[in-house]
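K.L.:
Please see the structure below; I have some questions.
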Amino acid sequence: MALTVALAVSAFESSFARAADPAEDELNRQGVDARKRDDDAAALALFRKAYELHHSPRSAAQMGLAEIALGQWTDAEAHLREALGGTTDPWIQKNERVLRDSLARVQEEFGTIQVLGGPNGAEVMVEGKVLGTLPMHKPGRVRTGECRFEVRAPGYVSATRTVTIKHSVPRRETVELAPFAPTVSAQNVAAQPSKDEGGFSQGRSPSANPPTGEMGRRRLRPYAWVAARRPASFSAALKP
């Protein structure tokens, strides 16, 4: 990459043509000088000022080359493509080969990934941005190397994977999200008290609010049966 950038700076310096606007021309000259000093950040700032004057193809190209040196691959690709679109510009025509070689170098920094699976409409997130939704009908473009993506959807457990992306090898992954398990709200649990082995709600004794009449005799009869059959020793143990 260093050789490509050095050749680009040399070619652009030796072939400077006067811009329609002297101010733009001067900013581009200063930017090239900054690049020769390896101050690529300062150069990019100067090229950006020149570009903002007229959005000329030449200034777009200079920005793209500086962005390569700074590793700003997405912006570099966009600006180099824009510059190469200026096919009638004499300066672009003269430096077309350098620009195309630089663009090819930038494109090696990208690969593709296509995520399939479900549920339909689940978002595929890469670096905090939505790359697509399930199922992706076409691959999405990402940086080469290690790529961490997340699939998420309301009502489902999110899934995260890390894969290796190569420039010339399309990557395909299938992710099926699992729905959240149904839960019982605390309010519903409180409204349905549990029962002990005798069938009575916990925290309430059988004698609380005792029933009356025939219903009372029926419900209290089992306790009378148990009391009648307790051994004397049990009753004696309860005496003070």
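Ligands are numbered from 1 in the order shown, residues from 1 within each chain, and chains are lettered A, B, ... in the order they appear in the structure tokens.
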For stretch 33-76 of chain A versus stretch 87-97 of chain A, which residues have an atom no more than 10 Å away, and what is each residue's nearest atom pair and distance in Å rounded to one decimal, using only C-alpha atoms, chain-then-number order, as a Markdown table?

P.N.:
```
| residue | atom | partner | partner_atom | distance |
| --- | --- | --- | --- | --- |
| A:Ser56 | CA | A:Asp89 | CA | 9.1 |
| A:Pro57 | CA | A:Ile92 | CA | 7.1 |
| A:Arg58 | CA | A:Ile92 | CA | 6.6 |
| A:Ala61 | CA | A:Ile92 | CA | 8.4 |
```

K.L.:
Give me the residues near stretch 36-53 of chain A as an NGL selection string, where near means some atom within 6 Å (using only C-alpha atoms) and where sequence neighbours in that chain fewer than 6 positions away do not count.

P.N.:
:A and (24 or 27-28 or 59 or 63 or 66)

K.L.:
Convert the current residue selection to file output with C-alpha atoms, as a short mmCIF file (atom, residue, chain, number, x, y, z; two decimals), in the first residue's frame.

P.N.:
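Saved to again-v3.cif:
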```
data_model
loop_
_atom_site.label_atom_id
_atom_site.label_comp_id
_atom_site.auth_asym_id
_atom_site.auth_seq_id
_atom_site.Cartn_x
_atom_site.Cartn_y
_atom_site.Cartn_z
CA GLU A 24 -8.73 25.02 -5.13
CA LEU A 27 -5.27 23.86 -1.43
CA ASN A 28 -4.47 20.76 -3.46
CA SER A 59 -10.08 16.95 -5.37
CA MET A 63 -9.16 12.79 -0.82
CA ALA A 66 -5.18 10.35 1.48
#
```

K.L.:
Considering only C-alpha atoms, state which residue in the set A:His55, A:Gly85, A:Val175, A:Gln62 is at the smallest distance from A:Arg29.

P.N.:
A:Gln62

K.L.:
To one decimal place, how far is atom CA of A:Glu176 from atom CA of A:Glu146 in Å?

P.N.:
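Computing the Euclidean distance for atom CA of A:Glu176 and atom CA of A:Glu146 yields 21.6 Å.
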
K.L.:
Using only C-alpha atoms, determine which residues lie at most 6 Å from A:Glu109, disregarding the query and same-chain residues fewer than 3 positions distant; provide the list as an NGL selection string.

P.N.:
:A and (106 or 143-144)

K.L.:
For the selection just defined, write its residues with N, CA and C atoms to a file, as a PDB file, in the first residue's frame.

P.N.:
```
ATOM      1  N   VAL A 106      -8.071  -0.780  -2.709  1.00  0.00           N
ATOM      2  CA  VAL A 106      -9.085  -0.530  -1.680  1.00  0.00           C
ATOM      3  C   VAL A 106     -10.107  -1.662  -1.638  1.00  0.00           C
ATOM      4  N   ARG A 143     -15.936  -5.470   5.967  1.00  0.00           N
ATOM      5  CA  ARG A 143     -14.481  -5.482   5.910  1.00  0.00           C
ATOM      6  C   ARG A 143     -13.951  -6.911   6.002  1.00  0.00           C
ATOM      7  N   THR A 144     -12.817  -7.159   5.350  1.00  0.00           N
ATOM      8  CA  THR A 144     -12.181  -8.463   5.448  1.00  0.00           C
ATOM      9  C   THR A 144     -11.598  -8.644   6.848  1.00  0.00           C
TER      10      THR A 144
END
```

K.L.:
Would you mind telling me which residue in A:Gly111, A:Pro170, A:Gly128, A:Pro154 lies nearest to A:Val142 when using only C-alpha atoms?

P.N.:
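Going through A:Gly111, A:Pro170, A:Gly128, A:Pro154 one by one, the smallest distance to A:Val142 is for A:Gly111.
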
K.L.:
Atom CA of A:Phe149 and atom CA of A:Ile165 are how many Å apart?

P.N.:
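Atom CA of A:Phe149 sits 11.6 Å away from atom CA of A:Ile165.
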
K.L.:
Which is closer to A:Arg35 than all the others in A:Leu70, A:Val98, A:Ala60, A:Ala23, using only C-alpha atoms?

P.N.:
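With only C-alpha atoms as the atom set, the closest residue is A:Leu70.
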
K.L.:
Do you have the atom CA of A:Phe180-atom CA of A:Tyr156 distance handy?

P.N.:
5.2 Å

K.L.:
Tell me which of A:His167, A:Arg161, A:His137, A:His54 sits closest to A:Leu116, counting only C-alpha atoms.

P.N.:
A:His137

K.L.:
What are the DSSP strand (DSSP E or B) residues of stretch 86-127 of chain A, as number ranges by chain?

P.N.:
A: 110-118, 123-126

K.L.:
Export, as a compact mmCIF listing (two decimals), in the first residue's frame, the selected residues with C-alpha atoms.

P.N.:
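Output file part_39.txt follows:
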```txt
# COMPACT_ATOMS: atom_id res chain seq x y z
CA PHE A 110 -13.85 -5.80 1.53
CA GLY A 111 -15.71 -9.10 1.36
CA THR A 112 -19.34 -10.20 1.56
CA ILE A 113 -21.57 -12.05 3.99
CA GLN A 114 -25.13 -13.31 3.55
CA VAL A 115 -27.14 -14.33 6.62
CA LEU A 116 -30.15 -16.63 6.21
CA GLY A 117 -32.59 -18.12 8.74
CA GLY A 118 -35.36 -16.65 10.82
CA GLU A 123 -32.04 -7.43 11.88
CA VAL A 124 -28.45 -8.33 11.05
CA MET A 125 -26.16 -5.84 12.81
CA VAL A 126 -22.48 -5.21 12.00
```
